[in-house]
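Okay, protein02.pdb is below, PDB, C-alpha atoms:
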```pdb
ATOM      1  CA  MET Y   1     -11.976 -10.223 -33.894  1.00  0.00           C
ATOM      2  CA  THR Y   2     -12.300 -14.007 -34.002  1.00  0.00           C
ATOM      3  CA  LEU Y   3     -11.252 -15.820 -30.823  1.00  0.00           C
ATOM      4  CA  GLY Y   4     -12.505 -19.302 -31.739  1.00  0.00           C
ATOM      5  CA  PRO Y   5     -13.172 -21.885 -32.831  1.00  0.00           C
ATOM      6  CA  ILE Y   6     -13.017 -23.627 -29.510  1.00  0.00           C
ATOM      7  CA  ILE Y   7     -13.691 -27.298 -28.903  1.00  0.00           C
ATOM      8  CA  VAL Y   8     -16.491 -28.037 -26.455  1.00  0.00           C
ATOM      9  CA  LYS Y   9     -17.390 -31.449 -25.086  1.00  0.00           C
ATOM     10  CA  ALA Y  10     -20.922 -32.419 -24.101  1.00  0.00           C
ATOM     11  CA  ASP Y  11     -21.661 -35.996 -23.077  1.00  0.00           C
ATOM     12  CA  ASP Y  12     -18.021 -36.752 -24.059  1.00  0.00           C
ATOM     13  CA  ALA Y  13     -18.757 -35.817 -27.692  1.00  0.00           C
ATOM     14  CA  PRO Y  14     -17.033 -32.781 -29.226  1.00  0.00           C
ATOM     15  CA  THR Y  15     -18.608 -29.826 -30.925  1.00  0.00           C
ATOM     16  CA  TYR Y  16     -17.247 -26.471 -32.018  1.00  0.00           C
ATOM     17  CA  ALA Y  17     -17.999 -22.844 -31.238  1.00  0.00           C
ATOM     18  CA  GLU Y  18     -16.901 -19.662 -32.995  1.00  0.00           C
ATOM     19  CA  VAL Y  19     -16.312 -16.840 -30.519  1.00  0.00           C
ATOM     20  CA  GLU Y  20     -16.015 -13.349 -31.982  1.00  0.00           C
ATOM     21  CA  GLU Y  21     -15.542 -10.002 -30.263  1.00  0.00           C
ATOM     22  CA  PRO Y  22     -17.053  -6.676 -31.310  1.00  0.00           C
ATOM     23  CA  GLU Y  23     -14.974  -3.615 -31.917  1.00  0.00           C
ATOM     24  CA  GLY Y  24     -14.693  -1.523 -28.794  1.00  0.00           C
ATOM     25  CA  GLU Y  25     -16.295  -2.260 -25.450  1.00  0.00           C
ATOM     26  CA  THR Y  26     -18.250  -5.490 -25.033  1.00  0.00           C
ATOM     27  CA  ARG Y  27     -21.739  -5.081 -23.589  1.00  0.00           C
ATOM     28  CA  GLY Y  28     -22.394  -8.819 -23.219  1.00  0.00           C
ATOM     29  CA  THR Y  29     -22.517 -12.157 -25.009  1.00  0.00           C
ATOM     30  CA  VAL Y  30     -25.056 -13.514 -27.489  1.00  0.00           C
ATOM     31  CA  PHE Y  31     -25.167 -17.299 -27.926  1.00  0.00           C
ATOM     32  CA  LEU Y  32     -26.488 -18.192 -31.391  1.00  0.00           C
ATOM     33  CA  ALA Y  33     -27.732 -21.716 -32.111  1.00  0.00           C
ATOM     34  CA  PRO Y  34     -28.400 -22.806 -35.718  1.00  0.00           C
ATOM     35  CA  SER Y  35     -31.496 -24.305 -37.276  1.00  0.00           C
ATOM     36  CA  ALA Y  36     -31.915 -28.087 -37.431  1.00  0.00           C
ATOM     37  CA  GLY Y  37     -30.359 -28.428 -40.879  1.00  0.00           C
ATOM     38  CA  ALA Y  38     -27.578 -25.873 -40.505  1.00  0.00           C
ATOM     39  CA  ARG Y  39     -24.194 -25.442 -38.876  1.00  0.00           C
ATOM     40  CA  ARG Y  40     -22.449 -22.499 -37.319  1.00  0.00           C
ATOM     41  CA  GLU Y  41     -21.187 -21.281 -40.725  1.00  0.00           C
ATOM     42  CA  SER Y  42     -24.673 -20.851 -42.218  1.00  0.00           C
ATOM     43  CA  PRO Y  43     -24.940 -17.456 -43.977  1.00  0.00           C
ATOM     44  CA  SER Y  44     -27.971 -16.422 -41.946  1.00  0.00           C
ATOM     45  CA  LEU Y  45     -26.262 -17.191 -38.619  1.00  0.00           C
ATOM     46  CA  VAL Y  46     -23.109 -15.375 -39.745  1.00  0.00           C
ATOM     47  CA  PHE Y  47     -25.242 -12.368 -40.715  1.00  0.00           C
ATOM     48  CA  LEU Y  48     -27.063 -12.345 -37.358  1.00  0.00           C
ATOM     49  CA  ALA Y  49     -23.788 -12.660 -35.471  1.00  0.00           C
ATOM     50  CA  GLY Y  50     -22.319  -9.732 -37.396  1.00  0.00           C
ATOM     51  CA  THR Y  51     -25.381  -7.647 -36.597  1.00  0.00           C
ATOM     52  CA  PHE Y  52     -25.110  -8.372 -32.871  1.00  0.00           C
ATOM     53  CA  ARG Y  53     -21.377  -7.576 -32.901  1.00  0.00           C
ATOM     54  CA  GLY Y  54     -22.196  -4.262 -34.543  1.00  0.00           C
ATOM     55  CA  LEU Y  55     -24.324  -3.565 -31.470  1.00  0.00           C
ATOM     56  CA  GLY Y  56     -21.434  -4.314 -29.127  1.00  0.00           C
ATOM     57  CA  TYR Y  57     -21.975  -7.975 -28.258  1.00  0.00           C
ATOM     58  CA  ARG Y  58     -19.539 -10.858 -28.225  1.00  0.00           C
ATOM     59  CA  THR Y  59     -21.097 -13.601 -30.353  1.00  0.00           C
ATOM     60  CA  VAL Y  60     -20.889 -17.368 -30.058  1.00  0.00           C
ATOM     61  CA  ARG Y  61     -21.966 -19.540 -33.006  1.00  0.00           C
ATOM     62  CA  PHE Y  62     -21.863 -23.291 -32.446  1.00  0.00           C
ATOM     63  CA  ASP Y  63     -22.825 -26.678 -33.873  1.00  0.00           C
ATOM     64  CA  PHE Y  64     -25.165 -29.084 -32.166  1.00  0.00           C
ATOM     65  CA  LEU Y  65     -23.563 -32.459 -31.446  1.00  0.00           C
ATOM     66  CA  TYR Y  66     -25.305 -34.370 -34.241  1.00  0.00           C
ATOM     67  CA  LYS Y  67     -24.075 -31.900 -36.866  1.00  0.00           C
ATOM     68  CA  ALA Y  68     -20.550 -31.931 -35.486  1.00  0.00           C
ATOM     69  CA  ALA Y  69     -20.656 -35.734 -35.793  1.00  0.00           C
ATOM     70  CA  GLY Y  70     -21.814 -35.542 -39.416  1.00  0.00           C
ATOM     71  CA  ARG Y  71     -25.378 -36.684 -38.776  1.00  0.00           C
ATOM     72  CA  SER Y  72     -28.391 -34.979 -40.318  1.00  0.00           C
ATOM     73  CA  PHE Y  73     -31.192 -36.022 -37.955  1.00  0.00           C
ATOM     74  CA  PRO Y  74     -31.398 -33.870 -34.785  1.00  0.00           C
ATOM     75  CA  ASP Y  75     -30.707 -35.311 -31.361  1.00  0.00           C
ATOM     76  CA  PRO Y  76     -33.563 -35.403 -28.828  1.00  0.00           C
ATOM     77  CA  MET Y  77     -34.337 -32.013 -27.336  1.00  0.00           C
ATOM     78  CA  PRO Y  78     -32.698 -32.768 -23.937  1.00  0.00           C
ATOM     79  CA  VAL Y  79     -29.432 -33.589 -25.744  1.00  0.00           C
ATOM     80  CA  CYS Y  80     -29.592 -30.358 -27.751  1.00  0.00           C
ATOM     81  CA  MET Y  81     -30.307 -28.397 -24.578  1.00  0.00           C
ATOM     82  CA  ALA Y  82     -27.360 -30.026 -22.810  1.00  0.00           C
ATOM     83  CA  CYS Y  83     -25.105 -29.118 -25.728  1.00  0.00           C
ATOM     84  CA  TYR Y  84     -26.243 -25.476 -25.601  1.00  0.00           C
ATOM     85  CA  ARG Y  85     -25.616 -25.377 -21.844  1.00  0.00           C
ATOM     86  CA  ARG Y  86     -22.141 -26.863 -22.240  1.00  0.00           C
ATOM     87  CA  VAL Y  87     -21.224 -24.268 -24.849  1.00  0.00           C
ATOM     88  CA  MET Y  88     -22.326 -21.488 -22.496  1.00  0.00           C
ATOM     89  CA  GLU Y  89     -20.334 -22.962 -19.635  1.00  0.00           C
ATOM     90  CA  ALA Y  90     -17.189 -23.340 -21.740  1.00  0.00           C
ATOM     91  CA  VAL Y  91     -17.358 -19.824 -23.163  1.00  0.00           C
ATOM     92  CA  ARG Y  92     -18.053 -18.235 -19.781  1.00  0.00           C
ATOM     93  CA  LEU Y  93     -15.144 -20.138 -18.249  1.00  0.00           C
ATOM     94  CA  ALA Y  94     -12.791 -19.067 -21.033  1.00  0.00           C
ATOM     95  CA  TYR Y  95     -13.915 -15.472 -21.592  1.00  0.00           C
ATOM     96  CA  GLY Y  96     -15.958 -14.499 -18.564  1.00  0.00           C
ATOM     97  CA  ALA Y  97     -19.644 -13.722 -18.133  1.00  0.00           C
ATOM     98  CA  GLU Y  98     -19.609  -9.942 -17.850  1.00  0.00           C
ATOM     99  CA  GLY Y  99     -22.492  -7.939 -19.233  1.00  0.00           C
ATOM    100  CA  GLU Y 100     -25.770  -9.145 -20.682  1.00  0.00           C
ATOM    101  CA  GLN Y 101     -26.121 -12.845 -21.377  1.00  0.00           C
ATOM    102  CA  VAL Y 102     -28.450 -13.394 -24.333  1.00  0.00           C
ATOM    103  CA  LEU Y 103     -29.784 -16.760 -25.465  1.00  0.00           C
ATOM    104  CA  ALA Y 104     -30.652 -16.799 -29.155  1.00  0.00           C
ATOM    105  CA  GLY Y 105     -31.083 -19.079 -32.118  1.00  0.00           C
ATOM    106  CA  GLN Y 106     -32.695 -19.638 -35.469  1.00  0.00           C
ATOM    107  CA  SER Y 107     -35.624 -22.041 -35.915  1.00  0.00           C
ATOM    108  CA  MET Y 108     -34.817 -25.145 -33.835  1.00  0.00           C
ATOM    109  CA  GLY Y 109     -31.906 -23.288 -32.262  1.00  0.00           C
ATOM    110  CA  GLY Y 110     -34.318 -20.637 -31.018  1.00  0.00           C
ATOM    111  CA  ARG Y 111     -36.667 -23.293 -29.715  1.00  0.00           C
ATOM    112  CA  VAL Y 112     -33.818 -24.853 -27.730  1.00  0.00           C
ATOM    113  CA  ALA Y 113     -32.878 -21.433 -26.359  1.00  0.00           C
ATOM    114  CA  SER Y 114     -36.494 -20.776 -25.369  1.00  0.00           C
ATOM    115  CA  MET Y 115     -36.761 -24.090 -23.535  1.00  0.00           C
ATOM    116  CA  LEU Y 116     -33.594 -23.286 -21.597  1.00  0.00           C
ATOM    117  CA  ALA Y 117     -35.003 -19.885 -20.652  1.00  0.00           C
ATOM    118  CA  ALA Y 118     -38.282 -21.526 -19.603  1.00  0.00           C
ATOM    119  CA  GLU Y 119     -36.359 -23.878 -17.325  1.00  0.00           C
ATOM    120  CA  GLY Y 120     -34.667 -20.936 -15.630  1.00  0.00           C
ATOM    121  CA  GLU Y 121     -31.253 -21.001 -17.321  1.00  0.00           C
ATOM    122  CA  PRO Y 122     -29.588 -17.773 -16.145  1.00  0.00           C
ATOM    123  CA  CYS Y 123     -29.842 -15.162 -18.898  1.00  0.00           C
ATOM    124  CA  ASP Y 124     -30.874 -11.554 -19.343  1.00  0.00           C
ATOM    125  CA  ARG Y 125     -32.722 -11.785 -22.650  1.00  0.00           C
ATOM    126  CA  LEU Y 126     -33.950 -14.241 -25.279  1.00  0.00           C
ATOM    127  CA  VAL Y 127     -34.152 -13.776 -29.056  1.00  0.00           C
ATOM    128  CA  CYS Y 128     -35.786 -16.346 -31.344  1.00  0.00           C
ATOM    129  CA  PHE Y 129     -35.519 -16.020 -35.109  1.00  0.00           C
ATOM    130  CA  ALA Y 130     -38.041 -18.000 -37.199  1.00  0.00           C
ATOM    131  CA  TYR Y 131     -39.530 -19.729 -34.159  1.00  0.00           C
ATOM    132  CA  PRO Y 132     -40.931 -23.106 -35.366  1.00  0.00           C
ATOM    133  CA  LEU Y 133     -44.359 -22.938 -33.742  1.00  0.00           C
ATOM    134  CA  HIS Y 134     -45.475 -26.154 -35.448  1.00  0.00           C
ATOM    135  CA  PRO Y 135     -44.134 -28.700 -37.957  1.00  0.00           C
ATOM    136  CA  GLN Y 136     -44.787 -27.856 -41.582  1.00  0.00           C
ATOM    137  CA  GLY Y 137     -48.299 -28.948 -42.539  1.00  0.00           C
ATOM    138  CA  LYS Y 138     -49.178 -29.818 -38.930  1.00  0.00           C
ATOM    139  CA  PRO Y 139     -50.618 -26.666 -37.339  1.00  0.00           C
ATOM    140  CA  ASP Y 140     -52.358 -28.791 -34.701  1.00  0.00           C
ATOM    141  CA  LYS Y 141     -49.014 -29.770 -33.119  1.00  0.00           C
ATOM    142  CA  LEU Y 142     -48.053 -26.519 -31.415  1.00  0.00           C
ATOM    143  CA  ARG Y 143     -44.709 -26.109 -29.660  1.00  0.00           C
ATOM    144  CA  ASP Y 144     -45.935 -23.523 -27.199  1.00  0.00           C
ATOM    145  CA  ALA Y 145     -46.436 -25.331 -23.859  1.00  0.00           C
ATOM    146  CA  HIS Y 146     -43.229 -23.968 -22.307  1.00  0.00           C
ATOM    147  CA  LEU Y 147     -43.494 -20.395 -23.563  1.00  0.00           C
ATOM    148  CA  PRO Y 148     -45.599 -19.015 -20.651  1.00  0.00           C
ATOM    149  CA  ALA Y 149     -42.800 -20.022 -18.245  1.00  0.00           C
ATOM    150  CA  ILE Y 150     -40.346 -17.599 -19.867  1.00  0.00           C
ATOM    151  CA  THR Y 151     -39.954 -14.499 -17.696  1.00  0.00           C
ATOM    152  CA  VAL Y 152     -36.997 -12.684 -19.301  1.00  0.00           C
ATOM    153  CA  PRO Y 153     -37.488 -10.023 -22.015  1.00  0.00           C
ATOM    154  CA  THR Y 154     -38.049 -11.979 -25.229  1.00  0.00           C
ATOM    155  CA  LEU Y 155     -38.025 -10.991 -28.887  1.00  0.00           C
ATOM    156  CA  ILE Y 156     -39.464 -13.322 -31.536  1.00  0.00           C
ATOM    157  CA  VAL Y 157     -38.865 -12.554 -35.221  1.00  0.00           C
ATOM    158  CA  ASN Y 158     -40.735 -14.514 -37.904  1.00  0.00           C
ATOM    159  CA  GLY Y 159     -41.608 -14.072 -41.538  1.00  0.00           C
ATOM    160  CA  SER Y 160     -45.259 -13.533 -42.402  1.00  0.00           C
ATOM    161  CA  ALA Y 161     -44.978 -16.393 -44.942  1.00  0.00           C
ATOM    162  CA  ASP Y 162     -43.352 -18.858 -42.539  1.00  0.00           C
ATOM    163  CA  ALA Y 163     -44.709 -22.366 -43.172  1.00  0.00           C
ATOM    164  CA  LEU Y 164     -43.718 -23.390 -39.630  1.00  0.00           C
ATOM    165  CA  CYS Y 165     -45.388 -20.483 -37.874  1.00  0.00           C
ATOM    166  CA  THR Y 166     -48.897 -19.673 -39.025  1.00  0.00           C
ATOM    167  CA  ARG Y 167     -49.433 -16.028 -38.138  1.00  0.00           C
ATOM    168  CA  GLU Y 168     -52.976 -16.454 -36.823  1.00  0.00           C
ATOM    169  CA  LEU Y 169     -51.894 -19.301 -34.547  1.00  0.00           C
ATOM    170  CA  MET Y 170     -48.897 -17.362 -33.267  1.00  0.00           C
ATOM    171  CA  GLU Y 171     -51.052 -14.329 -32.509  1.00  0.00           C
ATOM    172  CA  GLY Y 172     -53.291 -16.617 -30.442  1.00  0.00           C
ATOM    173  CA  VAL Y 173     -50.275 -17.913 -28.517  1.00  0.00           C
ATOM    174  CA  LEU Y 174     -48.967 -14.386 -27.925  1.00  0.00           C
ATOM    175  CA  ALA Y 175     -52.294 -13.393 -26.396  1.00  0.00           C
ATOM    176  CA  ARG Y 176     -51.615 -15.929 -23.629  1.00  0.00           C
ATOM    177  CA  LEU Y 177     -48.069 -14.726 -22.927  1.00  0.00           C
ATOM    178  CA  GLY Y 178     -46.811 -11.951 -20.706  1.00  0.00           C
ATOM    179  CA  SER Y 179     -45.778  -8.446 -21.681  1.00  0.00           C
ATOM    180  CA  ASN Y 180     -42.147  -9.562 -21.591  1.00  0.00           C
ATOM    181  CA  VAL Y 181     -42.617 -11.159 -25.050  1.00  0.00           C
ATOM    182  CA  SER Y 182     -42.440  -8.971 -28.159  1.00  0.00           C
ATOM    183  CA  MET Y 183     -43.221 -10.205 -31.677  1.00  0.00           C
ATOM    184  CA  ARG Y 184     -41.915  -8.738 -34.918  1.00  0.00           C
ATOM    185  CA  TRP Y 185     -43.113  -9.900 -38.345  1.00  0.00           C
ATOM    186  CA  LEU Y 186     -41.057  -9.584 -41.509  1.00  0.00           C
ATOM    187  CA  GLU Y 187     -43.630  -9.121 -44.249  1.00  0.00           C
ATOM    188  CA  GLY Y 188     -43.100 -11.460 -47.185  1.00  0.00           C
ATOM    189  CA  ALA Y 189     -40.330 -13.487 -45.527  1.00  0.00           C
ATOM    190  CA  ASP Y 190     -40.314 -17.296 -45.358  1.00  0.00           C
ATOM    191  CA  HIS Y 191     -39.017 -19.616 -42.636  1.00  0.00           C
ATOM    192  CA  SER Y 192     -35.418 -18.874 -43.658  1.00  0.00           C
ATOM    193  CA  LEU Y 193     -36.155 -15.161 -43.285  1.00  0.00           C
ATOM    194  CA  LYS Y 194     -35.623 -14.834 -47.033  1.00  0.00           C
ATOM    195  CA  PRO Y 195     -38.126 -13.397 -49.545  1.00  0.00           C
ATOM    196  CA  ALA Y 196     -41.003 -15.813 -50.129  1.00  0.00           C
ATOM    197  CA  LYS Y 197     -41.840 -16.610 -53.730  1.00  0.00           C
ATOM    198  CA  GLY Y 198     -44.013 -13.905 -55.220  1.00  0.00           C
ATOM    199  CA  SER Y 199     -43.553 -11.555 -52.265  1.00  0.00           C
ATOM    200  CA  GLY Y 200     -41.710  -8.920 -54.230  1.00  0.00           C
ATOM    201  CA  ARG Y 201     -39.282  -8.448 -51.342  1.00  0.00           C
ATOM    202  CA  ARG Y 202     -35.509  -8.409 -51.687  1.00  0.00           C
ATOM    203  CA  ARG Y 203     -33.070 -10.137 -49.377  1.00  0.00           C
ATOM    204  CA  LYS Y 204     -31.074  -6.972 -48.661  1.00  0.00           C
ATOM    205  CA  GLU Y 205     -34.328  -5.229 -47.826  1.00  0.00           C
ATOM    206  CA  LEU Y 206     -35.261  -7.885 -45.265  1.00  0.00           C
ATOM    207  CA  GLU Y 207     -31.755  -7.892 -43.806  1.00  0.00           C
ATOM    208  CA  ALA Y 208     -31.974  -4.126 -43.338  1.00  0.00           C
ATOM    209  CA  GLU Y 209     -35.236  -4.623 -41.420  1.00  0.00           C
ATOM    210  CA  VAL Y 210     -33.554  -7.167 -39.135  1.00  0.00           C
ATOM    211  CA  VAL Y 211     -30.672  -4.773 -38.478  1.00  0.00           C
ATOM    212  CA  GLY Y 212     -33.147  -2.041 -37.608  1.00  0.00           C
ATOM    213  CA  LEU Y 213     -35.295  -4.077 -35.256  1.00  0.00           C
ATOM    214  CA  LEU Y 214     -32.232  -5.440 -33.438  1.00  0.00           C
ATOM    215  CA  ALA Y 215     -30.933  -1.910 -33.050  1.00  0.00           C
ATOM    216  CA  ASP Y 216     -34.259  -1.002 -31.429  1.00  0.00           C
ATOM    217  CA  TRP Y 217     -34.064  -4.135 -29.277  1.00  0.00           C
ATOM    218  CA  ALA Y 218     -30.564  -3.199 -28.098  1.00  0.00           C
ATOM    219  CA  GLY Y 219     -31.892   0.177 -27.020  1.00  0.00           C
TER
END
```
What's the structure tokens form of this structure?
Amino acid sequence: MTLGPIIVKADDAPTYAEVEEPEGETRGTVFLAPSAGARRESPSLVFLAGTFRGLGYRTVRFDFLYKAAGRSFPDPMPVCMACYRRVMEAVRLAYGAEGEQVLAGQSMGGRVASMLAAEGEPCDRLVCFAYPLHPQGKPDKLRDAHLPAITVPTLIVNGSADALCTRELMEGVLARLGSNVSMRWLEGADHSLKPAKGSGRRRKELEAEVVGLLADWAG
């Protein structure tokens, strides 16, 4: 059941959030932030939201402020983090904060969620899809400094052919993190979690893997 969209203001600028309820009892809320180039209606975010609702979670998909304003270049990270926080506050005020509170996102959205978790934003779990460990072609510029500060149970899901997350580098980062962080690789998937060229994988096949690993994650 769709409850949104709702209008949320952050720094006096409006953005929008889609709030959808699962069938039956709600076990918590998953906040889903999009990648840098996407909005809340992106097919991958809609798919992830549907998967979480199938597991009993209320889902919240939202736009970052720059996308809501029609701009393509992302705002600075503190602005994106403030937007995420404001969405959480607005949804919790409107619908309550019962059950698990899960921060999640795809690519940049997951990075924003992880930085909030590292700063101690109240949440029960963190899920990052296609975490952008480094810019494309710049494996020396790792975005890992804040990751050791995350203490909540964390799931990271990346494709083995992700140009923004070299597997060897990510494995090195994981070795420095706590046991609260779990990594799952989708073989043959690219940064969009779609089949990489020449991988021989099919999109439905990869989506089925995501459904399965989230079912395991939900316990």
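When you apply the PyMOL selection byres ((chain Y and resi 182-184) around 10) to this structure, what comes back is Val127, Cys128, Phe129, Pro153, Thr154, Leu155, Ile156, Val157, Asn158, Gly159, Ser160, Met170, Glu171, Leu174, Leu177, Gly178, Ser179, Asn180, Val181, Trp185, Leu186, Glu187, Val210, Leu213 and Trp217 of chain Y.
From CA of Ala17 in chain Y back to CA of Ala90 in chain Y, the distance works out to 9.5 Å.
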Run through the PyMOL selection byres ((chain Y and resi 93-102) around 7) on the given coordinates and return the selected residues as number ranges by chain. Y: 27-31, 89-92, 103-104, 123-126
At a cut-off of 10 Å, can you tabulate as CSV every residue of range 81-100 of chain Y near range 112-116 of chain Y together with its closest atom pair and the distance in Å to one decimal, using only C-alpha atoms and ordering rows by chain then number?
```
residue,atom,partner,partner_atom,distance
Y:Met81,CA,Y:Val112,CA,5.9
Y:Ala82,CA,Y:Leu116,CA,9.3
Y:Cys83,CA,Y:Val112,CA,9.9
Y:Tyr84,CA,Y:Ala113,CA,7.8
Y:Arg85,CA,Y:Leu116,CA,8.3
```
Once the PyMOL selection byres ((chain Y and resi 37) around 9) is applied to the coordinates I shared, what remains selected? I want it as a count of residues only. 10
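Candidate residues Y:Thr59, Y:Ala118, Y:Gly137, Y:Glu205 were compared for distance to Glu18 in chain Y, and the nearest is Y:Thr59, using all atoms listed in the file.
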List as a PyMOL selection string the protein and nucleic acid residues near Val8 in chain Y, meaning an atom at most 7 Å away when all atoms listed in the file are counted, but skip any in the same chain fewer than 6 places from it. chain Y and resi 14-16+87+90
Using N, CA and C atoms, give me range 69-83 of chain Y from the structure I just pasted, as a JSON list (two decimals), in the first residue's frame.
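Wrote it out as selection_35.json, contents follow:
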```json
[["chain", "number", "residue", "atom", "x", "y", "z"],
["Y", 69, "ALA", "N", 15.41, 19.33, -7.32],
["Y", 69, "ALA", "CA", 15.49, 20.67, -7.91],
["Y", 69, "ALA", "C", 15.81, 20.64, -9.40],
["Y", 70, "GLY", "N", 16.00, 19.45, -9.95],
["Y", 70, "GLY", "CA", 16.29, 19.33, -11.38],
["Y", 70, "GLY", "C", 17.74, 19.47, -11.74],
["Y", 71, "ARG", "N", 18.64, 19.38, -10.74],
["Y", 71, "ARG", "CA", 20.07, 19.48, -11.02],
["Y", 71, "ARG", "C", 20.67, 18.09, -11.14],
["Y", 72, "SER", "N", 21.74, 17.96, -11.91],
["Y", 72, "SER", "CA", 22.35, 16.66, -12.11],
["Y", 72, "SER", "C", 23.57, 16.43, -11.23],
["Y", 73, "PHE", "N", 24.26, 17.51, -10.84],
["Y", 73, "PHE", "CA", 25.49, 17.34, -10.06],
["Y", 73, "PHE", "C", 25.14, 17.23, -8.58],
["Y", 74, "PRO", "N", 25.63, 16.21, -7.88],
["Y", 74, "PRO", "CA", 25.28, 16.00, -6.47],
["Y", 74, "PRO", "C", 25.70, 17.16, -5.57],
["Y", 75, "ASP", "N", 24.91, 17.37, -4.53],
["Y", 75, "ASP", "CA", 25.27, 18.33, -3.49],
["Y", 75, "ASP", "C", 26.46, 17.78, -2.70],
["Y", 76, "PRO", "N", 27.14, 18.64, -1.93],
["Y", 76, "PRO", "CA", 28.20, 18.15, -1.04],
["Y", 76, "PRO", "C", 27.65, 17.10, -0.09],
["Y", 77, "MET", "N", 28.51, 16.21, 0.35],
["Y", 77, "MET", "CA", 28.07, 15.11, 1.21],
["Y", 77, "MET", "C", 27.31, 15.57, 2.46],
["Y", 78, "PRO", "N", 27.74, 16.64, 3.16],
["Y", 78, "PRO", "CA", 26.96, 17.07, 4.33],
["Y", 78, "PRO", "C", 25.52, 17.45, 3.98],
["Y", 79, "VAL", "N", 25.30, 18.02, 2.80],
["Y", 79, "VAL", "CA", 23.95, 18.39, 2.38],
["Y", 79, "VAL", "C", 23.12, 17.13, 2.11],
["Y", 80, "CYS", "N", 23.73, 16.14, 1.47],
["Y", 80, "CYS", "CA", 23.03, 14.88, 1.20],
["Y", 80, "CYS", "C", 22.70, 14.16, 2.50],
["Y", 81, "MET", "N", 23.62, 14.21, 3.45],
["Y", 81, "MET", "CA", 23.37, 13.58, 4.75],
["Y", 81, "MET", "C", 22.24, 14.28, 5.49],
["Y", 82, "ALA", "N", 22.21, 15.60, 5.41],
["Y", 82, "ALA", "CA", 21.15, 16.36, 6.07],
["Y", 82, "ALA", "C", 19.80, 16.04, 5.45],
["Y", 83, "CYS", "N", 19.77, 15.87, 4.14],
["Y", 83, "CYS", "CA", 18.53, 15.52, 3.45],
["Y", 83, "CYS", "C", 18.04, 14.15, 3.92]]
```
